[in-house]
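I have placed the structure first, in the form of structure tokens, so that the comments after it can refer back to it.
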Amino acid sequence: MEVNEVVSLTENELKILGTLKDGKAYRASEIAGKLNIPLPTVMAVIESLRVKNAVKANRVEVKEYKLTSEGVEYAKKGLPELRLYKLLIECGKQLSIREIIERGFPKKELSIALKWLREKKLAIVHGGVVKLLREGRLEQLFPEQSILNRILSKGVITSTSITASEEDIINTLKSRGLVEEKILVDLIIEITATGKLFLERAKPVLSVLTHEHLVSGTWRKYRLKPYNISAEPPRVYPGKKHFYLEFIDYIKKILLSMGFEEAEGPYVDMEFWNFDILFQAQDHPAREIHDTFWIKKPKYGILDENLDIVRRVKEVHEKGWKYKWDINIARRFILRTQTTQVSARYLVTHREPPVKMFAIGKVFRPDQIDAKHLPEFYQFDGIVMDRNLTFRNLLGIIVEFFKQLGIEKVMFKPGYFPFTEPSVEGYIYHPKIGWVECFGAGMFRPEVLKALGLKYPVAAWGMGLDRIAMILLGINDIRMLYSKDIDYLRNMSLR
Amino acid sequence: MPTIRVKKSRLKKLINPEILDEELKHLLFSIGCEVEEVGENDEWNIEVNASRLDMLMSEGIARAVKGILGIELGIPKYNIVDTGITVIVDPTVKNVRPYVVCAAVYDLNMDEDLLNEIMQFQEKLHITIARNRRKAAIGLHDLDKIKSNTIYYKALPPDKIKFRPLHELTEMTGREILEKTEKGKEYAHLLIDKPLYPLLVTSTGIVLSMPPIINSDYTKIETSTRNIFIDITGSDINTLIKLLDILVTTLAEASKTRKIGLVRVEYPHSEIEVLKLPKLEYTKMVVTVKGLNSIIGLNLDVNDIVKLLRKMRLECRVLDKDKLEVTIPPYRHDIIGEVDIAEDVAIAYGYHNLTPEPPTIYTIGRELPKTTFTRLIRELMVGFGFQEVVTYMLVSRRLQELIVDTGILELENPVVEYMDSIRASLLPSHIVFAAENQYKEHPIKIFEVGDVVVYKDDMVYTETHLAALILSYKVGFEDIHAVLHMLLKNLGLKYKLKPYEHKAFIKGRTAIVVIEGEERGIIGEVNPELLEKLKIVYPIAAFEINLTNLWQRRG
């Protein structure tokens, strides 16, 4: 018999199977007695075990004997024939009826006593005299009395606990109205092979396995409770990196693989590094209060007008834009509006080609706040400086970068930036959105190279990363890149 | 980038009525203009590069496109005549708006569409190069209504000025104009503190305008106007001269006779003395074939370059096989050097025809030690089960003041109050983050590695910080200390905690974090008073440490 499924047994089922372990047949009533469980319960449990094929059960009938009130009386004081026999022995084995009565033998029991003494051929009655015929051991002469006494002491005996001759005696007692008989149903049960397997497997159930179980070895006594594995699990959240910073890390990896060196610069800087050095005229609209964040205090940084670089900036501005350059405007503290500020600062200390640098960082512009705009966003700038570097080289780097990012189609349009010439604006193609304008680039103007004190061409580009991240990550609202909803971050899948 | 709205059919008519929409769009794109269709009708929005002010009108765009198509090549020519008009500048304008330049354009075929384009052109010039009329203000008048050969530019007390401003029904004084008219209110800041207001008025007493606010209604241009008189006033004479060149040459494209009228402007009390305007200067520049090729990365010969530049409406004279002299028309003030000529060559060649060519420079990629170090920290924090967050660098000053005890940099011009300062610490935003998520599944464990800007001893410092925070039903000092302890141990950094008192934290449960002998941060349980103020009903334990240059301190 195979038992493939895990069957769980109740405690009572296990107890009963355990009792049957030796392979012998038992009566249900016997088991009830042994285990001290009410018989009806035992019967119900056996039925359930039988359904599971754990036991074989056969129905049998059993007689139950109990004393009547008269039977109880005779059990206590002895049967009348026994008492008369004892009297006769005492009085010389012979007494007249009158003498018997005179000696206190109850008159109404006399005929019963005489009937059974005559029947057993122990005495005869002749001419009003009772004469004893033979003597013997009481138990042999009167086995009825020992049965009566046995029933009295047990209250009840069943047909299964008596011999055939005893059953004859009980039948006689029954006919004398001293014993009552009741017929009962019982089961004879035996364990099956399946039942033995159950017993082996079906150990008490344990929900939680603990250190104590392992140390004591008591885990062996138990069966570990099977769980509902399709139930909803409780929520656990992994510690997780932010998806947007992961995206930025990915961009950085691409740039490192392309041989670029990372750089950074301050967020609060003088206009000099954000605008003047980049040949952006001091009255350029981008420098106005609507387009640049100014710092309340301190308002100005320190810039020495005698520094070569400051003198060169003044010179290219005054010559190129034809106005009086003002160092106090250049000293004004602002929040950087472009990471080109980092590129400019980097080139001052890296004048020898080849140079390949990138910077990724927050920049700030007083924009309204909506699904597409924020006053702060990540920008990415890159520069390459080399002898004989051309505008076509610049286009090549940009195409290569986007190819690494998985974007194959790039389109160029003539653009305008104060610090580059030729200038280009670029569009990338996304299968779902179409062409998206996303970067500006160009060759640094000679005025910028002169201000920085550089001798070789510089190719530069910059792009807002928030927008590219939104496109590539499929996010519609820029504010979700900086979401304050922890569940959004917890559930955001990483790619 | 400035954007103009034009009638597509009108633009086509100026170029070639047969041209297809897509072809025109492509051509426009190739010269830097992006077209956006407006609904179903005939209108296009065209975005123009800020350097090409001459293309802020259909006539200017057509002039450029005709070159690319080869319909017209080389420099456009205009007929110059004398208007006979003299403008005399009075010294009273010196402290208000010292300069004026003037010119005229004749024989315009005026209709509703052209009038709209001229108005738009004027407006776009005002908001770009003219810096909202501060640097320059343009007035356009019907030349035939002026009827006088002498015009005065002078400044008068506001109450002495009286004329009927454009679109107004009654005469007004200078003061009333600033107070009552729409334009007056809009630009009042340019005059309000001046004792005298500038005025252009003819010898016969006809007022042309009160620059930079408004023209008179009497000389306004209408669909019946054929000849236009232009005045531009401002503070920088060079800008005015440039602007006048661009304006007259572009308007002249709309003239049948391409006739431009000269005006004599006299400055009797200035070094300038007399100007004959417009200047219409055709500047010349010598460039080399080698120079142009090396900028773009092409190998063109001198004849190719001449062809390309003529398409860009420049004129060339070949000096030898490597050298040519380029003549630049007066509306192209954006060309100031060889690189600008190179860009024109590239545009005429077509950016789409330039094959991108990545350079083959050997360099080694390197990230900042800071990036390497902070990545390690971020990985450890993630390992401790913390969710990384990214918060804004611009935060509320009032929020910062509840928590930060260093100086805070405020913005002069914030966009919104809750972003009016730069963060000096990460914790304020993190506590707000925790507040907003306190009813989400606990524990709330967040961290961020981010830059902050600290202002102390009158100096501004950029620092890189790490903040970590736990909010939960039950959380304490020990919980966050455990994280800090193992983090620093894993980084191989020695630290100790020094008892401290801080307004944001509970007394006796706050410490300064001393790392490798330097005070670098704070750790503690957030003060219940602060929690209550921020409506937080669960305890918070947090730390913030300054990581700046720690990457150098590790062996």
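Lettering and numbering for the structure tokens are positional, with chains as A, B, ... in the shown order, residues counted from 1 in each chain, and ligands counted from 1 in the shown order.
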
Residue contacts of A:Val130 (9 Å, only C-alpha atoms) excluding same-chain residues fewer than 3 positions away, as a VMD selection string: chain A and resid 88 93 to 97 114 123 to 127

Give me, as a PyMOL selection string, the contact residues of chain B against chain A at a cut-off of 7 Å, counting only C-alpha atoms. chain B and resi 29-32+49-51+294-297+339-340+342-343+347+351-352+354-359+361+363-368+382-391+409-413+415+433+437+462

Just list as an MDAnalysis selection string whatever in stretch 217-324 of chain B DSSP marks as helix (DSSP H, G or I). chainID B and resid 237:252 289:296 302:311

Mind writing the picked residues with C-alpha atoms as an mmCIF file, in the first residue's frame?
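Listing of part.cif after writing:
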```
data_model
loop_
_atom_site.group_PDB
_atom_site.id
_atom_site.type_symbol
_atom_site.label_atom_id
_atom_site.label_comp_id
_atom_site.auth_asym_id
_atom_site.auth_seq_id
_atom_site.Cartn_x
_atom_site.Cartn_y
_atom_site.Cartn_z
ATOM 1 C CA ILE B 237 24.917 103.311 -29.098
ATOM 2 C CA ASN B 238 26.580 100.175 -30.505
ATOM 3 C CA THR B 239 23.556 98.028 -29.751
ATOM 4 C CA LEU B 240 21.267 100.633 -31.322
ATOM 5 C CA ILE B 241 23.301 100.782 -34.526
ATOM 6 C CA LYS B 242 23.378 96.963 -34.787
ATOM 7 C CA LEU B 243 19.698 96.696 -34.133
ATOM 8 C CA LEU B 244 18.853 99.363 -36.693
ATOM 9 C CA ASP B 245 20.866 97.501 -39.331
ATOM 10 C CA ILE B 246 18.999 94.279 -38.657
ATOM 11 C CA LEU B 247 15.634 96.018 -38.606
ATOM 12 C CA VAL B 248 15.935 98.049 -41.812
ATOM 13 C CA THR B 249 17.533 95.330 -43.929
ATOM 14 C CA THR B 250 14.880 92.831 -42.894
ATOM 15 C CA LEU B 251 11.985 95.254 -43.408
ATOM 16 C CA ALA B 252 13.498 96.180 -46.772
ATOM 17 C CA VAL B 289 40.583 77.260 -46.186
ATOM 18 C CA LYS B 290 42.818 75.260 -43.864
ATOM 19 C CA GLY B 291 41.462 77.029 -40.812
ATOM 20 C CA LEU B 292 37.826 76.447 -41.766
ATOM 21 C CA ASN B 293 38.455 72.789 -42.651
ATOM 22 C CA SER B 294 40.313 72.115 -39.423
ATOM 23 C CA ILE B 295 37.487 73.496 -37.319
ATOM 24 C CA ILE B 296 34.804 71.373 -38.947
ATOM 25 C CA VAL B 302 38.366 77.126 -51.808
ATOM 26 C CA ASN B 303 35.665 76.874 -54.477
ATOM 27 C CA ASP B 304 33.493 74.569 -52.374
ATOM 28 C CA ILE B 305 33.723 77.060 -49.550
ATOM 29 C CA VAL B 306 32.814 79.996 -51.750
ATOM 30 C CA LYS B 307 29.742 78.127 -52.982
ATOM 31 C CA LEU B 308 28.672 77.236 -49.463
ATOM 32 C CA LEU B 309 29.184 80.729 -48.069
ATOM 33 C CA ARG B 310 27.259 82.347 -50.896
ATOM 34 C CA LYS B 311 24.365 80.048 -49.983
#
```

List the spatial neighbours of stretch 487-490 of chain B as an NGL selection string - criterion: any atom at most 12 Å away, only C-alpha atoms, same-chain residues fewer than 2 positions off excluded. :B and (376-384 or 466 or 468 or 480-485 or 492-496 or 513-516 or 543 or 545 or 547 or 550 or 554)

Output file for the selection above: N, CA and C atoms, as a PDB file, in the first residue's frame:
```pdb
ATOM      1  N   LEU B 376      30.727  52.702  -1.871  1.00  0.00           N
ATOM      2  CA  LEU B 376      30.964  51.686  -0.837  1.00  0.00           C
ATOM      3  C   LEU B 376      30.017  51.921   0.348  1.00  0.00           C
ATOM      4  N   ILE B 377      29.923  53.181   0.755  1.00  0.00           N
ATOM      5  CA  ILE B 377      29.040  53.509   1.882  1.00  0.00           C
ATOM      6  C   ILE B 377      27.587  53.200   1.541  1.00  0.00           C
ATOM      7  N   ARG B 378      27.198  53.548   0.327  1.00  0.00           N
ATOM      8  CA  ARG B 378      25.801  53.307  -0.094  1.00  0.00           C
ATOM      9  C   ARG B 378      25.523  51.808  -0.084  1.00  0.00           C
ATOM     10  N   GLU B 379      26.500  51.030  -0.505  1.00  0.00           N
ATOM     11  CA  GLU B 379      26.289  49.585  -0.514  1.00  0.00           C
ATOM     12  C   GLU B 379      26.151  49.035   0.904  1.00  0.00           C
ATOM     13  N   LEU B 380      26.985  49.561   1.815  1.00  0.00           N
ATOM     14  CA  LEU B 380      26.882  49.110   3.211  1.00  0.00           C
ATOM     15  C   LEU B 380      25.527  49.494   3.795  1.00  0.00           C
ATOM     16  N   MET B 381      25.086  50.718   3.525  1.00  0.00           N
ATOM     17  CA  MET B 381      23.809  51.174   4.085  1.00  0.00           C
ATOM     18  C   MET B 381      22.654  50.334   3.537  1.00  0.00           C
ATOM     19  N   VAL B 382      22.737  49.995   2.292  1.00  0.00           N
ATOM     20  CA  VAL B 382      21.720  49.126   1.695  1.00  0.00           C
ATOM     21  C   VAL B 382      21.752  47.767   2.398  1.00  0.00           C
ATOM     22  N   GLY B 383      22.965  47.317   2.705  1.00  0.00           N
ATOM     23  CA  GLY B 383      23.129  46.053   3.425  1.00  0.00           C
ATOM     24  C   GLY B 383      22.498  46.094   4.806  1.00  0.00           C
ATOM     25  N   PHE B 384      22.469  47.284   5.415  1.00  0.00           N
ATOM     26  CA  PHE B 384      21.817  47.416   6.728  1.00  0.00           C
ATOM     27  C   PHE B 384      20.299  47.516   6.583  1.00  0.00           C
ATOM     28  N   LEU B 466      26.489  62.007   4.945  1.00  0.00           N
ATOM     29  CA  LEU B 466      25.655  60.793   4.981  1.00  0.00           C
ATOM     30  C   LEU B 466      24.677  60.974   6.128  1.00  0.00           C
ATOM     31  N   ALA B 468      21.299  58.967   8.060  1.00  0.00           N
ATOM     32  CA  ALA B 468      20.493  57.751   8.128  1.00  0.00           C
ATOM     33  C   ALA B 468      19.481  57.940   9.240  1.00  0.00           C
ATOM     34  N   ILE B 480      20.233  53.031  16.077  1.00  0.00           N
ATOM     35  CA  ILE B 480      20.936  53.779  15.036  1.00  0.00           C
ATOM     36  C   ILE B 480      22.447  53.749  15.309  1.00  0.00           C
ATOM     37  N   HIS B 481      22.794  53.706  16.585  1.00  0.00           N
ATOM     38  CA  HIS B 481      24.208  53.609  16.948  1.00  0.00           C
ATOM     39  C   HIS B 481      24.811  52.322  16.387  1.00  0.00           C
ATOM     40  N   ALA B 482      24.024  51.251  16.457  1.00  0.00           N
ATOM     41  CA  ALA B 482      24.484  49.952  15.955  1.00  0.00           C
ATOM     42  C   ALA B 482      24.901  50.073  14.492  1.00  0.00           C
ATOM     43  N   VAL B 483      24.105  50.809  13.729  1.00  0.00           N
ATOM     44  CA  VAL B 483      24.380  50.963  12.302  1.00  0.00           C
ATOM     45  C   VAL B 483      25.657  51.780  12.098  1.00  0.00           C
ATOM     46  N   LEU B 484      25.712  52.915  12.795  1.00  0.00           N
ATOM     47  CA  LEU B 484      26.897  53.779  12.662  1.00  0.00           C
ATOM     48  C   LEU B 484      28.158  53.009  13.045  1.00  0.00           C
ATOM     49  N   HIS B 485      28.059  52.261  14.123  1.00  0.00           N
ATOM     50  CA  HIS B 485      29.203  51.505  14.647  1.00  0.00           C
ATOM     51  C   HIS B 485      29.751  50.536  13.593  1.00  0.00           C
ATOM     52  N   GLY B 492      36.864  50.823   8.282  1.00  0.00           N
ATOM     53  CA  GLY B 492      38.189  50.913   8.895  1.00  0.00           C
ATOM     54  C   GLY B 492      38.449  52.277   9.510  1.00  0.00           C
ATOM     55  N   LEU B 493      37.383  52.925   9.994  1.00  0.00           N
ATOM     56  CA  LEU B 493      37.543  54.250  10.591  1.00  0.00           C
ATOM     57  C   LEU B 493      37.287  54.175  12.095  1.00  0.00           C
ATOM     58  N   LYS B 494      38.179  54.817  12.857  1.00  0.00           N
ATOM     59  CA  LYS B 494      38.008  54.823  14.317  1.00  0.00           C
ATOM     60  C   LYS B 494      37.109  55.994  14.695  1.00  0.00           C
ATOM     61  N   TYR B 495      36.235  55.747  15.674  1.00  0.00           N
ATOM     62  CA  TYR B 495      35.347  56.836  16.080  1.00  0.00           C
ATOM     63  C   TYR B 495      35.071  56.744  17.555  1.00  0.00           C
ATOM     64  N   LYS B 496      34.607  57.854  18.106  1.00  0.00           N
ATOM     65  CA  LYS B 496      34.010  57.799  19.439  1.00  0.00           C
ATOM     66  C   LYS B 496      32.883  58.812  19.529  1.00  0.00           C
ATOM     67  N   VAL B 513      29.715  62.822  16.809  1.00  0.00           N
ATOM     68  CA  VAL B 513      30.480  61.688  16.287  1.00  0.00           C
ATOM     69  C   VAL B 513      31.879  62.193  15.933  1.00  0.00           C
ATOM     70  N   VAL B 514      32.855  61.636  16.596  1.00  0.00           N
ATOM     71  CA  VAL B 514      34.242  62.030  16.337  1.00  0.00           C
ATOM     72  C   VAL B 514      34.894  60.892  15.544  1.00  0.00           C
ATOM     73  N   ILE B 515      35.254  61.192  14.290  1.00  0.00           N
ATOM     74  CA  ILE B 515      35.848  60.159  13.440  1.00  0.00           C
ATOM     75  C   ILE B 515      37.306  60.504  13.188  1.00  0.00           C
ATOM     76  N   GLU B 516      38.170  59.572  13.486  1.00  0.00           N
ATOM     77  CA  GLU B 516      39.615  59.786  13.321  1.00  0.00           C
ATOM     78  C   GLU B 516      40.026  61.134  13.925  1.00  0.00           C
ATOM     79  N   PHE B 543      21.324  59.685  12.453  1.00  0.00           N
ATOM     80  CA  PHE B 543      22.640  60.318  12.522  1.00  0.00           C
ATOM     81  C   PHE B 543      22.935  60.991  11.197  1.00  0.00           C
ATOM     82  N   ILE B 545      26.641  62.374   9.255  1.00  0.00           N
ATOM     83  CA  ILE B 545      28.076  62.612   9.378  1.00  0.00           C
ATOM     84  C   ILE B 545      28.622  63.227   8.099  1.00  0.00           C
ATOM     85  N   LEU B 547      31.285  63.345   5.363  1.00  0.00           N
ATOM     86  CA  LEU B 547      32.233  62.386   4.781  1.00  0.00           C
ATOM     87  C   LEU B 547      33.377  63.073   4.046  1.00  0.00           C
ATOM     88  N   LEU B 550      37.077  62.109   3.786  1.00  0.00           N
ATOM     89  CA  LEU B 550      37.366  60.874   4.534  1.00  0.00           C
ATOM     90  C   LEU B 550      37.982  59.837   3.600  1.00  0.00           C
ATOM     91  N   ARG B 554      41.534  57.123   4.470  1.00  0.00           N
ATOM     92  CA  ARG B 554      41.625  55.671   4.558  1.00  0.00           C
ATOM     93  C   ARG B 554      42.855  55.223   3.778  1.00  0.00           C
TER      94      ARG B 554
END
```

Taken to one decimal, the atom CA of B:Arg332-atom CA of B:Met285 distance is 12.8 Å

So how far away is atom CA of A:Asn274 from atom CA of B:Glu123, in Å?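 Between these atoms lies a distance of 29.1 Å.
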
Write down as a list in words the residues belonging to stretch 34-116 of chain A that are assigned strand (DSSP E) by DSSP computed on the backbone.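 Taking stretch 34-116 of chain A and keeping strand (DSSP E) only, one gets Val55, Lys56, Ala57, Asn58, Arg59, Val60, Glu61, Val62, Lys63, Glu64, Tyr65, Lys66, Leu67, Gln94, Leu95 and Ser96 of chain A.
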
Suppose you want the space between atom CA of B:Tyr99 and atom CA of B:Asn215; what is it in Å? 17.0 Å

Neighbour list for B:Tyr197 as a ChimeraX atom specification, cut-off 6 Å, only C-alpha atoms, skip fewer than 2 positions in-chain: /B:155-156,158

Would you save the residues of that selection, restricted to N, CA, C and O atoms, as a compact mmCIF listing (two decimals), in the first residue's frame?
```txt
# COMPACT_ATOMS: atom_id res chain seq x y z
N ALA B 155 14.41 115.74 -23.55
CA ALA B 155 13.75 115.26 -22.33
C ALA B 155 13.01 116.43 -21.68
O ALA B 155 13.56 117.54 -21.60
N LEU B 156 11.78 116.15 -21.22
CA LEU B 156 10.95 117.20 -20.63
C LEU B 156 10.38 116.72 -19.30
O LEU B 156 10.24 115.51 -19.08
N PRO B 158 7.67 115.44 -16.93
CA PRO B 158 6.53 114.61 -17.35
C PRO B 158 5.24 115.40 -17.58
O PRO B 158 4.47 115.07 -18.47
```

Residue nearest B:Met459 - candidates B:Leu56, B:Ile151, B:Ile206, B:Ile408, atoms counted: only C-alpha atoms: B:Ile408
